[in-house]
>>> print(open('entry07.txt').read())   # compact mmCIF, C-alpha atoms
# COMPACT_ATOMS: atom_id res chain seq x y z
CA MET A 481 98.42 72.48 240.38
CA GLU A 482 98.74 74.88 237.48
CA SER A 483 96.64 73.93 234.48
CA ASN A 484 98.35 74.23 231.10
CA LEU A 485 97.15 74.13 227.52
CA PHE A 486 99.49 73.56 224.60
CA ILE A 487 98.76 74.75 221.08
CA LYS A 488 101.48 73.53 218.77
CA GLU A 489 102.64 73.51 215.20
CA PHE A 490 106.00 71.82 215.74
CA ASP A 491 107.51 69.12 217.97
CA GLY A 492 110.39 68.79 220.35
CA PHE A 493 109.27 70.96 223.23
CA ASP A 494 106.40 69.06 224.80
CA ILE A 495 105.95 69.11 228.54
CA PRO A 496 103.17 67.42 230.50
CA CYS A 497 99.98 69.42 230.09
CA GLN A 498 96.26 69.06 230.65
CA TYR A 499 95.27 69.65 227.06
CA MET A 500 97.25 69.37 223.84
CA PHE A 501 95.98 70.94 220.65
CA ASP A 502 98.09 69.97 217.65
CA LEU A 503 97.20 72.28 214.77
CA ARG A 504 98.82 69.94 212.24
CA LYS A 505 96.44 67.14 213.16
CA THR A 506 93.29 69.16 213.69
CA LYS A 507 91.57 70.96 210.87
CA VAL A 508 89.83 73.93 212.50
CA LYS A 509 86.82 75.15 210.56
CA ASP A 510 87.28 78.71 209.32
CA CYS A 511 85.31 81.57 210.82
CA VAL A 512 82.67 82.57 208.28
CA GLY A 513 81.95 85.96 209.85
CA CYS A 514 78.27 85.16 210.44
CA TRP A 515 78.06 86.83 213.88
CA SER A 516 75.92 83.94 215.19
CA CYS A 517 78.17 83.75 218.27
CA TRP A 518 77.23 87.35 219.04
CA ILE A 519 73.60 87.77 218.00
CA LYS A 520 71.93 84.37 217.66
CA THR A 521 73.53 81.90 220.06
CA PRO A 522 75.60 84.14 222.36
CA GLY A 523 78.99 82.63 223.12
CA ARG A 524 78.52 79.67 220.76
CA CYS A 525 79.88 79.27 217.24
CA ILE A 526 77.72 77.65 214.55
CA ASN A 527 80.47 75.01 214.42
CA THR A 528 81.04 72.80 217.46
CA ASP A 529 84.52 71.51 216.57
CA LEU A 530 86.19 73.78 219.13
CA ASP A 531 83.80 73.31 222.07
CA GLU A 532 86.26 71.14 224.02
CA PHE A 533 89.09 73.51 223.15
CA TYR A 534 87.14 76.52 224.46
CA LYS A 535 86.53 74.75 227.77
CA ALA A 536 90.20 73.82 228.12
CA TYR A 537 91.35 77.31 227.10
CA LEU A 538 89.17 79.04 229.67
CA LYS A 539 90.12 76.55 232.36
CA ALA A 540 93.86 76.92 231.77
CA ASP A 541 96.07 79.15 233.88
CA LYS A 542 98.65 79.24 231.13
CA VAL A 543 98.45 78.68 227.38
CA ILE A 544 101.67 77.95 225.51
CA ILE A 545 101.64 78.45 221.76
CA LEU A 546 104.36 76.96 219.59
CA SER A 547 103.90 78.89 216.37
CA LYS A 548 105.51 77.99 213.07
CA VAL A 549 106.27 81.20 211.21
CA ASN A 550 104.95 81.02 207.68
CA GLN A 551 105.38 83.76 205.05
CA ARG A 552 106.70 85.78 208.00
CA PHE A 553 103.39 85.65 209.87
CA VAL A 554 101.32 83.22 211.91
CA SER A 555 100.16 80.28 209.83
CA GLY A 556 96.73 80.30 208.23
CA ASN A 557 95.69 77.51 210.60
CA LEU A 558 96.72 79.46 213.70
CA LYS A 559 95.06 82.60 212.31
CA THR A 560 91.85 80.64 211.83
CA LEU A 561 92.06 79.47 215.44
CA PHE A 562 92.44 83.10 216.57
CA ASP A 563 89.43 84.11 214.42
CA ARG A 564 87.41 81.40 216.10
CA MET A 565 88.19 82.83 219.57
CA ILE A 566 85.71 85.63 218.99
CA PRO A 567 82.79 83.78 220.69
CA LEU A 568 84.77 84.17 223.93
CA PHE A 569 84.28 87.95 223.71
CA MET A 570 81.31 90.27 223.51
CA PRO A 571 80.25 92.21 220.44
CA ASP A 572 79.98 95.39 222.51
CA ILE A 573 82.80 97.87 222.20
CA THR A 574 84.38 99.79 225.05
CA PHE A 575 86.60 102.87 224.72
CA LYS A 576 87.97 102.57 228.22
CA HIS A 577 91.50 102.04 226.94
CA GLY A 578 91.45 105.00 224.55
CA GLU A 579 90.65 102.84 221.54
CA ALA A 580 87.91 100.46 220.56
CA MET A 581 88.00 97.04 222.22
CA HIS A 582 85.46 94.26 222.52
CA LEU A 583 84.35 93.56 226.08
CA PRO A 584 85.22 90.26 227.76
CA ARG A 585 82.51 87.59 228.01
CA TYR A 586 84.23 85.54 230.72
CA ARG A 587 85.64 86.54 234.10
CA LYS A 588 89.08 85.12 233.56
CA TYR A 589 91.38 84.40 230.63
CA PRO A 590 94.66 82.48 230.70
CA ASP A 591 98.15 83.94 230.53
CA VAL A 592 99.74 83.26 227.17
CA GLU A 593 103.32 82.52 226.14
CA ILE A 594 104.28 82.28 222.50
CA TYR A 595 107.43 80.61 221.21
CA TYR A 596 108.01 80.64 217.48
CA GLN A 597 110.09 78.72 215.03
CA GLY A 598 111.22 80.23 211.75
CA ASP A 599 113.34 83.01 210.40
CA PHE A 600 112.63 86.61 209.60
CA ASP A 601 114.58 88.34 206.85
CA SER A 602 114.53 91.67 208.63
CA LEU A 603 114.05 93.20 212.04
CA ASP A 604 111.00 94.92 210.61
CA SER A 605 109.16 91.70 209.77
CA LYS A 606 110.05 90.22 213.17
CA GLU A 607 108.62 93.30 214.84
CA ILE A 608 105.43 93.14 212.74
CA TYR A 609 104.84 89.53 213.80
CA GLU A 610 105.58 90.15 217.48
CA ASN A 611 103.58 93.38 217.72
CA TYR A 612 100.61 91.75 216.04
CA LEU A 613 100.60 88.91 218.57
CA HIS A 614 100.90 91.27 221.54
CA ARG A 615 97.95 93.30 220.24
CA THR A 616 95.84 90.21 219.60
CA PHE A 617 96.24 88.95 223.15
CA ALA A 618 95.59 92.40 224.57
CA GLN A 619 92.18 92.17 222.86
CA PHE A 620 91.86 88.64 224.25
CA TYR A 621 92.44 90.00 227.79
CA SER A 622 95.40 87.69 228.35
CA LYS A 623 98.68 88.63 229.89
CA CYS A 624 101.19 87.93 227.14
CA GLU A 625 104.72 88.86 228.08
CA VAL A 626 106.55 86.18 226.14
CA VAL A 627 106.69 86.27 222.34
CA LYS A 628 110.07 84.94 221.36
CA PRO A 629 111.99 82.53 219.17
CA ILE A 630 112.32 78.99 220.46
CA ASN A 631 115.80 77.71 221.33
CA GLN A 632 117.62 75.23 223.52
CA SER A 633 116.87 77.04 226.74
CA SER A 634 113.15 77.43 225.94
CA MET A 635 112.34 74.00 227.36
CA GLN A 636 113.32 75.16 230.83
CA GLU A 637 111.34 78.36 230.50
CA ILE A 638 108.25 76.55 229.26
CA SER A 639 108.23 74.04 232.09
CA GLY A 640 109.19 76.71 234.61
CA MET B 1278 95.36 93.33 180.50
CA LYS B 1279 92.78 92.85 183.20
CA THR B 1280 93.41 93.53 186.87
CA LEU B 1281 92.68 90.70 189.26
CA ILE B 1282 90.66 91.62 192.31
CA ILE B 1283 90.68 89.08 195.11
CA ASN B 1284 87.79 89.16 197.55
CA GLY B 1285 89.41 87.96 200.78
CA SER B 1286 86.24 87.78 202.86
CA PRO B 1287 84.86 84.50 204.22
CA LYS B 1288 81.45 85.92 203.32
CA GLY B 1289 82.35 86.09 199.62
CA ARG B 1290 79.66 87.85 197.64
CA ASN B 1291 77.50 88.56 200.71
CA GLY B 1292 79.42 91.12 202.68
CA ASN B 1293 80.89 94.57 202.97
CA THR B 1294 84.02 93.58 201.06
CA GLU B 1295 81.93 92.82 197.98
CA VAL B 1296 80.19 96.21 198.20
CA ILE B 1297 83.57 97.95 198.34
CA ILE B 1298 84.75 95.98 195.28
CA GLU B 1299 81.58 96.85 193.33
CA LYS B 1300 82.02 100.55 194.02
CA PHE B 1301 85.73 100.46 193.23
CA ILE B 1302 85.06 98.78 189.86
CA GLY B 1303 82.12 101.04 189.01
CA SER B 1304 81.16 100.73 185.36
CA ALA B 1305 84.53 99.33 184.24
CA LYS B 1306 83.57 95.68 184.69
CA ASN B 1307 85.44 94.60 181.57
CA LEU B 1308 88.75 95.71 183.07
CA TYR B 1309 88.60 93.45 186.10
CA GLN B 1310 88.23 89.87 187.08
CA VAL B 1311 87.07 89.12 190.62
CA CYS B 1312 87.96 85.90 192.45
CA TYR B 1313 86.71 84.76 195.85
CA VAL B 1314 88.98 83.25 198.46
CA ALA B 1315 85.87 81.75 200.05
CA ASN B 1316 85.16 79.68 196.92
CA GLU B 1317 88.63 78.81 195.63
CA ASP B 1318 91.40 76.42 196.45
CA PRO B 1319 94.23 78.63 197.79
CA LEU B 1320 96.97 76.83 195.84
CA LYS B 1321 95.10 77.16 192.55
CA LEU B 1322 94.24 80.80 193.19
CA ALA B 1323 97.88 81.64 194.01
CA GLU B 1324 98.86 79.98 190.73
CA TYR B 1325 96.17 81.82 188.79
CA MET B 1326 97.32 85.13 190.28
CA LYS B 1327 100.58 84.80 188.35
CA ARG B 1328 98.77 85.48 185.07
CA PHE B 1329 97.99 89.06 186.07
CA ASP B 1330 100.20 92.14 186.10
CA ALA B 1331 98.13 93.89 188.74
CA VAL B 1332 96.37 92.38 191.75
CA ILE B 1333 94.19 94.14 194.29
CA ILE B 1334 93.25 92.24 197.41
CA VAL B 1335 90.23 93.45 199.37
CA MET B 1336 89.54 92.01 202.81
CA PRO B 1337 87.90 92.58 206.18
CA LEU B 1338 90.03 92.99 209.29
CA TYR B 1339 89.64 89.99 211.61
CA ILE B 1340 91.21 90.68 215.02
CA HIS B 1341 94.00 92.98 213.85
CA ALA B 1342 94.92 90.97 210.77
CA MET B 1343 93.62 89.16 207.69
CA PRO B 1344 90.95 86.43 208.01
CA GLY B 1345 92.35 82.89 208.40
CA ILE B 1346 91.30 81.87 204.89
CA MET B 1347 93.14 84.89 203.48
CA MET B 1348 96.34 83.88 205.29
CA LYS B 1349 95.93 80.40 203.80
CA LEU B 1350 96.08 82.03 200.36
CA ILE B 1351 99.06 84.22 201.31
CA GLU B 1352 100.90 81.08 202.43
CA CYS B 1353 100.62 79.78 198.86
CA MET B 1354 101.89 82.95 197.17
CA GLU B 1355 105.32 82.77 195.55
CA ARG B 1356 107.81 85.46 194.70
CA THR B 1357 107.41 86.52 191.07
CA ILE B 1358 110.44 86.65 188.79
CA ASP B 1359 108.80 89.19 186.48
CA ASP B 1360 109.50 92.78 187.30
CA GLY B 1361 106.76 95.34 186.82
CA LYS B 1362 103.90 93.53 188.51
CA SER B 1363 101.98 95.48 191.09
CA MET B 1364 99.87 94.68 194.14
CA GLY B 1365 97.57 96.77 196.31
CA PHE B 1366 95.23 96.18 199.23
CA ILE B 1367 91.97 97.51 200.63
CA VAL B 1368 91.20 96.64 204.26
CA GLN B 1369 87.87 97.39 205.91
CA SER B 1370 87.27 97.08 209.64
CA GLY B 1371 84.40 97.27 212.07
CA PHE B 1372 86.16 99.43 214.65
CA ARG B 1373 85.86 103.03 213.60
CA GLU B 1374 89.53 104.01 213.97
CA SER B 1375 91.53 102.80 211.01
CA GLU B 1376 94.60 102.53 213.22
CA HIS B 1377 93.52 99.01 214.17
CA SER B 1378 94.62 97.96 210.69
CA LYS B 1379 98.16 99.26 211.17
CA TYR B 1380 99.64 95.86 211.98
CA LEU B 1381 98.10 94.37 208.87
CA LYS B 1382 99.09 97.35 206.73
CA ARG B 1383 102.71 96.99 207.74
CA TYR B 1384 102.58 93.29 207.02
CA LEU B 1385 100.98 93.71 203.58
CA THR B 1386 103.49 96.39 202.60
CA ALA B 1387 106.35 94.05 203.43
CA LEU B 1388 104.57 91.13 201.73
CA ALA B 1389 104.20 92.92 198.38
CA HIS B 1390 107.91 93.77 198.40
CA LYS B 1391 108.87 90.26 199.39
CA LEU B 1392 106.85 88.84 196.48
CA ASN B 1393 108.65 91.28 194.11
CA TYR B 1394 105.51 93.24 193.32
CA THR B 1395 105.48 97.01 193.08
CA TYR B 1396 103.45 98.08 196.10
CA ILE B 1397 100.45 100.17 195.09
CA GLY B 1398 99.40 100.89 198.65
CA THR B 1399 96.98 99.80 201.34
CA VAL B 1400 93.69 101.62 201.71
CA VAL B 1401 92.27 101.22 205.20
CA ARG B 1402 88.73 102.04 206.11
CA GLY B 1403 87.28 101.83 209.63
CA GLY B 1404 83.66 101.74 210.74
CA SER B 1405 82.61 99.44 207.92
CA ALA B 1406 80.78 96.68 209.76
CA GLY B 1407 77.34 97.71 208.61
CA ILE B 1408 77.89 98.98 205.06
CA CYS B 1409 75.82 96.31 203.38
CA MET B 1410 73.01 96.68 205.94
CA MET B 1411 72.74 100.46 205.82
CA PRO B 1412 70.60 102.37 203.40
CA GLU B 1413 72.46 103.54 200.28
CA LYS B 1414 72.09 107.15 201.37
CA MET B 1415 74.18 106.72 204.53
CA ASN B 1416 77.05 105.36 202.49
CA LYS B 1417 76.88 108.04 199.83
CA LYS B 1418 80.14 109.73 200.75
CA LEU B 1419 82.02 106.47 201.15
CA PHE B 1420 80.77 105.15 197.81
CA LYS B 1421 81.80 108.34 196.05
CA GLN B 1422 85.28 108.07 197.55
CA LEU B 1423 85.57 104.45 196.44
CA GLN B 1424 84.42 105.36 192.92
CA ASN B 1425 87.04 108.09 192.77
CA LEU B 1426 89.66 105.70 194.07
CA GLY B 1427 88.72 103.23 191.33
CA GLU B 1428 88.68 105.81 188.55
CA HIS B 1429 92.06 107.13 189.57
CA PHE B 1430 93.43 103.59 189.67
CA ARG B 1431 92.19 102.88 186.14
CA LEU B 1432 93.99 105.94 184.82
CA THR B 1433 97.23 105.75 186.77
CA ARG B 1434 97.55 102.27 188.32
CA THR B 1435 98.06 103.99 191.66
CA PHE B 1436 95.93 104.84 194.68
CA HIS B 1437 95.30 108.57 195.01
CA GLY B 1438 97.03 109.73 198.20
CA ASP B 1439 94.35 112.26 199.15
CA ILE B 1440 91.52 109.74 198.77
CA VAL B 1441 93.45 107.16 200.78
CA GLU B 1442 93.97 109.75 203.50
CA GLU B 1443 90.28 110.71 203.56
CA LEU B 1444 89.14 107.09 203.72
CA ALA B 1445 91.44 106.37 206.67
CA LYS B 1446 89.83 109.03 208.88
CA PRO B 1447 89.64 108.86 211.82
CA ILE B 1448 93.00 107.16 212.23
CA ARG B 1449 92.70 107.25 215.99
CA LEU B 1450 90.33 108.80 218.49
CA SER B 1451 91.35 111.95 220.24
CA LYS B 1452 91.53 111.68 224.02
CA GLY B 1453 88.43 113.82 224.33
CA MET B 1454 86.54 111.71 221.83
CA SER B 1455 87.39 108.40 223.48
CA MET B 1456 86.43 109.84 226.88
CA LEU B 1457 83.15 111.04 225.45
CA LEU B 1458 82.43 107.64 223.89
CA TYR B 1459 83.28 105.95 227.18
CA PHE B 1460 80.97 108.29 229.06
CA LEU B 1461 78.14 107.66 226.58
CA PHE B 1462 78.81 103.92 226.89
CA LYS B 1463 78.30 104.18 230.66
CA LEU B 1464 74.98 105.87 229.97
CA GLY B 1465 74.01 103.05 227.66
CA ILE B 1466 74.47 105.07 224.49
CA SER B 1467 76.77 102.97 222.36
CA ASP B 1468 76.90 100.29 219.71
CA SER B 1469 75.29 98.02 222.33
CA ILE B 1470 71.95 99.46 221.20
CA PHE B 1471 72.63 97.98 217.76
CA TRP B 1472 73.73 94.60 219.15
CA ASN B 1473 70.82 94.39 221.58
CA GLY B 1474 68.42 95.12 218.75
CA MET B 1475 69.85 92.26 216.72
CA LEU B 1476 69.78 89.93 219.74
CA LYS B 1477 66.18 90.83 220.42
CA LYS B 1478 65.20 90.15 216.84
CA ASN B 1479 66.69 86.68 217.22
CA ASN B 1480 64.99 86.10 220.61
CA ALA B 1481 68.42 85.86 222.17
CA LEU B 1482 68.66 89.04 224.24
CA ASP B 1483 68.11 87.17 227.52
CA ARG B 1484 71.10 84.96 226.67
CA LYS B 1485 73.40 87.83 225.73
CA PHE B 1486 75.79 87.30 228.65
CA ASP B 1487 75.84 83.49 228.48
CA ARG B 1488 79.12 81.79 229.32
CA PRO B 1489 78.61 78.35 227.79
CA PHE B 1490 82.20 77.19 228.23
CA ALA B 1491 83.07 78.43 231.70
>>> encode(input="entry07.txt", output="structure tokens")
Amino acid sequence: MESNLFIKEFDGFDIPCQYMFDLRKTKVKDCVGCWSCWIKTPGRCINTDLDEFYKAYLKADKVIILSKVNQRFVSGNLKTLFDRMIPLFMPDITFKHGEAMHLPRYRKYPDVEIYYQGDFDSLDSKEIYENYLHRTFAQFYSKCEVVKPINQSSMQEISG
Amino acid sequence: MKTLIINGSPKGRNGNTEVIIEKFIGSAKNLYQVCYVANEDPLKLAEYMKRFDAVIIVMPLYIHAMPGIMMKLIECMERTIDDGKSMGFIVQSGFRESEHSKYLKRYLTALAHKLNYTYIGTVVRGGSAGICMMPEKMNKKLFKQLQNLGEHFRLTRTFHGDIVEELAKPIRLSKGMSMLLYFLFKLGISDSIFWNGMLKKNNALDRKFDRPFA
């Protein structure tokens, strides 16, 4: 059976999943930029609050993110979670793709789908948000083909 | 009226962002006030920001955008009703090509407009991961550019286009350059030498490839 992980910032679209991470109920400690996860305790953050999350993330075939758009970007909480993903990657930089990219630490990363709730006041700001997310998950070595607004038909897509 | 400089780094006073701020301010300390996102409550800092006509936010690039704590401050920012306020940004990144900051630059440009601030500009600087660890001499050119940027700002309240352009180089790697870097990487000549040195110093080199959560 496919293993799913849910990261959510709003309700109404839950489907059965192996691991649910509700960003409104969990206060993720901010990355302090100390590089410990790269040069002191490779792969491990100085904080242990995400250890279970890391295991579930790496185990998942698919990660579904329900992102609440805030100030026309990802929320500070979700951004902090992304910052804290850096222990899952190596400090070393490759230029294989024509630009700098950190190497993967693990053999496999999940596919990611992002559904967002919230309005953009222009096509430009929508594009900024979507492009940023695509680029982030390219660095995270995840296939991320879905970054789109949530709507009535999303439920079917998510569970499909 | 003083200009507010916001240090948007989680490392506060102990990082590259602080060095950039110091050089930008130069000897004109009396003209600026510096606040630290790492030490302030975001709501209070967003409120305090309203007292200033000009705000410059300096931050490191964390995975193609602002650090989480910086976004928590941005979430608290409100549109100003006063016209004539201005806002600018300086972004420093580890990756050497400044193009990695393009997503953030676009976002910050739109943000300043949305908040009804006159947009001063976004200075992006790549290859900045080791500024505060390197000897002063190696940063000489960069520091001079930042001083010039600061002096020009004091006189005109703008960022000098030529200096911004110089600081952003290289924007991207040429095909030849990225192929060369890739080739050198295969030979073991890369930033890995730097990382391995740090790992060794911490007695952690043998654990470099650990996968604790697999």
>>> residues_near_point(input="entry07.txt", point="(101.6, 83.3, 196.3)", cutoff="12 Å", atoms="all atoms listed in the file", output="PyMOL selection string")
(chain A and resi 551) or (chain B and resi 1319-1328+1332+1347-1357+1364+1388-1389+1391-1394)
>>> closest_residue(input="entry07.txt", among="B:Thr1294, B:Asn1316, B:Asn1307, B:Asn1284", to="Ile1334 (chain B)", atoms="only C-alpha atoms")
B:Asn1284
>>> closest_atom_pairs(input="entry07.txt", of="chain B", to="chain A", cutoff="8 Å", atoms="only C-alpha atoms", output="Markdown table")
| residue | atom | partner | partner_atom | distance |
| --- | --- | --- | --- | --- |
| B:Pro1287 | CA | A:Val512 | CA | 5.0 |
| B:Lys1288 | CA | A:Val512 | CA | 6.1 |
| B:Tyr1339 | CA | A:Asp563 | CA | 6.5 |
| B:Ile1340 | CA | A:Thr616 | CA | 6.5 |
| B:His1341 | CA | A:Thr616 | CA | 6.6 |
| B:Ala1342 | CA | A:Tyr612 | CA | 7.8 |
| B:Pro1344 | CA | A:Asp563 | CA | 7.0 |
| B:Gly1345 | CA | A:Thr560 | CA | 4.1 |
| B:Ile1346 | CA | A:Gly556 | CA | 6.6 |
| B:Met1347 | CA | A:Gly556 | CA | 7.5 |
| B:Met1348 | CA | A:Gly556 | CA | 4.6 |
| B:Lys1349 | CA | A:Gly556 | CA | 4.5 |
| B:Ile1351 | CA | A:Gln551 | CA | 7.4 |
| B:Glu1352 | CA | A:Gln551 | CA | 5.8 |
| B:Phe1372 | CA | A:Ala580 | CA | 6.2 |
| B:Arg1373 | CA | A:Ala580 | CA | 7.7 |
| B:Glu1374 | CA | A:Ala580 | CA | 7.7 |
| B:Tyr1380 | CA | A:Tyr612 | CA | 5.9 |
| B:Arg1383 | CA | A:Ile608 | CA | 6.9 |
| B:Tyr1384 | CA | A:Ile608 | CA | 6.4 |
| B:Ala1387 | CA | A:Ser605 | CA | 7.3 |
| B:Arg1449 | CA | A:Glu579 | CA | 7.4 |
| B:Leu1450 | CA | A:Glu579 | CA | 6.7 |
| B:Lys1452 | CA | A:Gly578 | CA | 6.7 |
| B:Ser1455 | CA | A:Gly578 | CA | 5.4 |
| B:Met1456 | CA | A:Phe575 | CA | 7.3 |
| B:Leu1458 | CA | A:Phe575 | CA | 6.4 |
| B:Tyr1459 | CA | A:Phe575 | CA | 5.2 |
| B:Phe1462 | CA | A:Thr574 | CA | 7.2 |
| B:Ser1467 | CA | A:Ile573 | CA | 7.9 |
| B:Asp1468 | CA | A:Asp572 | CA | 6.4 |
| B:Ser1469 | CA | A:Asp572 | CA | 5.4 |
| B:Trp1472 | CA | A:Ile519 | CA | 6.9 |
| B:Met1475 | CA | A:Ile519 | CA | 6.0 |
| B:Leu1476 | CA | A:Ile519 | CA | 4.7 |
| B:Asn1479 | CA | A:Lys520 | CA | 5.7 |
| B:Asn1480 | CA | A:Lys520 | CA | 7.7 |
| B:Ala1481 | CA | A:Lys520 | CA | 5.9 |
| B:Arg1484 | CA | A:Pro522 | CA | 6.3 |
| B:Lys1485 | CA | A:Pro522 | CA | 5.5 |
| B:Phe1486 | CA | A:Arg585 | CA | 6.8 |
| B:Asp1487 | CA | A:Pro522 | CA | 6.2 |
| B:Arg1488 | CA | A:Gly523 | CA | 6.3 |
| B:Pro1489 | CA | A:Gly523 | CA | 6.3 |
| B:Phe1490 | CA | A:Lys535 | CA | 5.0 |
| B:Ala1491 | CA | A:Lys535 | CA | 6.4 |
>>> atom_distance(input="entry07.txt", atom1="CA of Thr1433 (chain B)", atom2="CA of Gly1398 (chain B)")
13.0 Å
>>> closest_residue(input="entry07.txt", among="B:Pro1412, B:Gly1303, B:Pro1337, B:Gly1465", to="Leu1381 (chain B)", atoms="only C-alpha atoms")
B:Pro1337
>>> closest_residue(input="entry07.txt", among="B:Leu1444, B:Val1401, B:Leu1432, B:Leu1482", to="Leu1385 (chain B)", atoms="all atoms listed in the file")
B:Val1401
>>> atom_distance(input="entry07.txt", atom1="CA of Glu593 (chain A)", atom2="CA of Lys542 (chain A)")
7.6 Å
>>> atom_distance(input="entry07.txt", atom1="CA of His1429 (chain B)", atom2="CA of Lys1414 (chain B)")
23.2 Å
>>> closest_residue(input="entry07.txt", among="A:Ile630, A:Leu485, A:Leu583, A:Ile495", to="Asp541 (chain A)", atoms="only C-alpha atoms")
A:Leu485
>>> closest_residue(input="entry07.txt", among="A:Val549, A:Val543, A:Asp529, A:Asp491", to="Ile638 (chain A)", atoms="all atoms listed in the file")
A:Val543
>>> residues_near_point(input="entry07.txt", point="(89.8, 110.2, 198.2)", cutoff="12 Å", atoms="all atoms listed in the file", output="JSON, numbers by chain")
{"B": [1301, 1400, 1401, 1402, 1418, 1419, 1420, 1421, 1422, 1423, 1424, 1425, 1426, 1427, 1428, 1429, 1430, 1436, 1437, 1438, 1439, 1440, 1441, 1442, 1443, 1444, 1445, 1446]}
>>> closest_residue(input="entry07.txt", among="B:Tyr1313, B:Gly1361, B:Asp1483, B:Leu1308", to="Asn1291 (chain B)", atoms="only C-alpha atoms")
B:Tyr1313
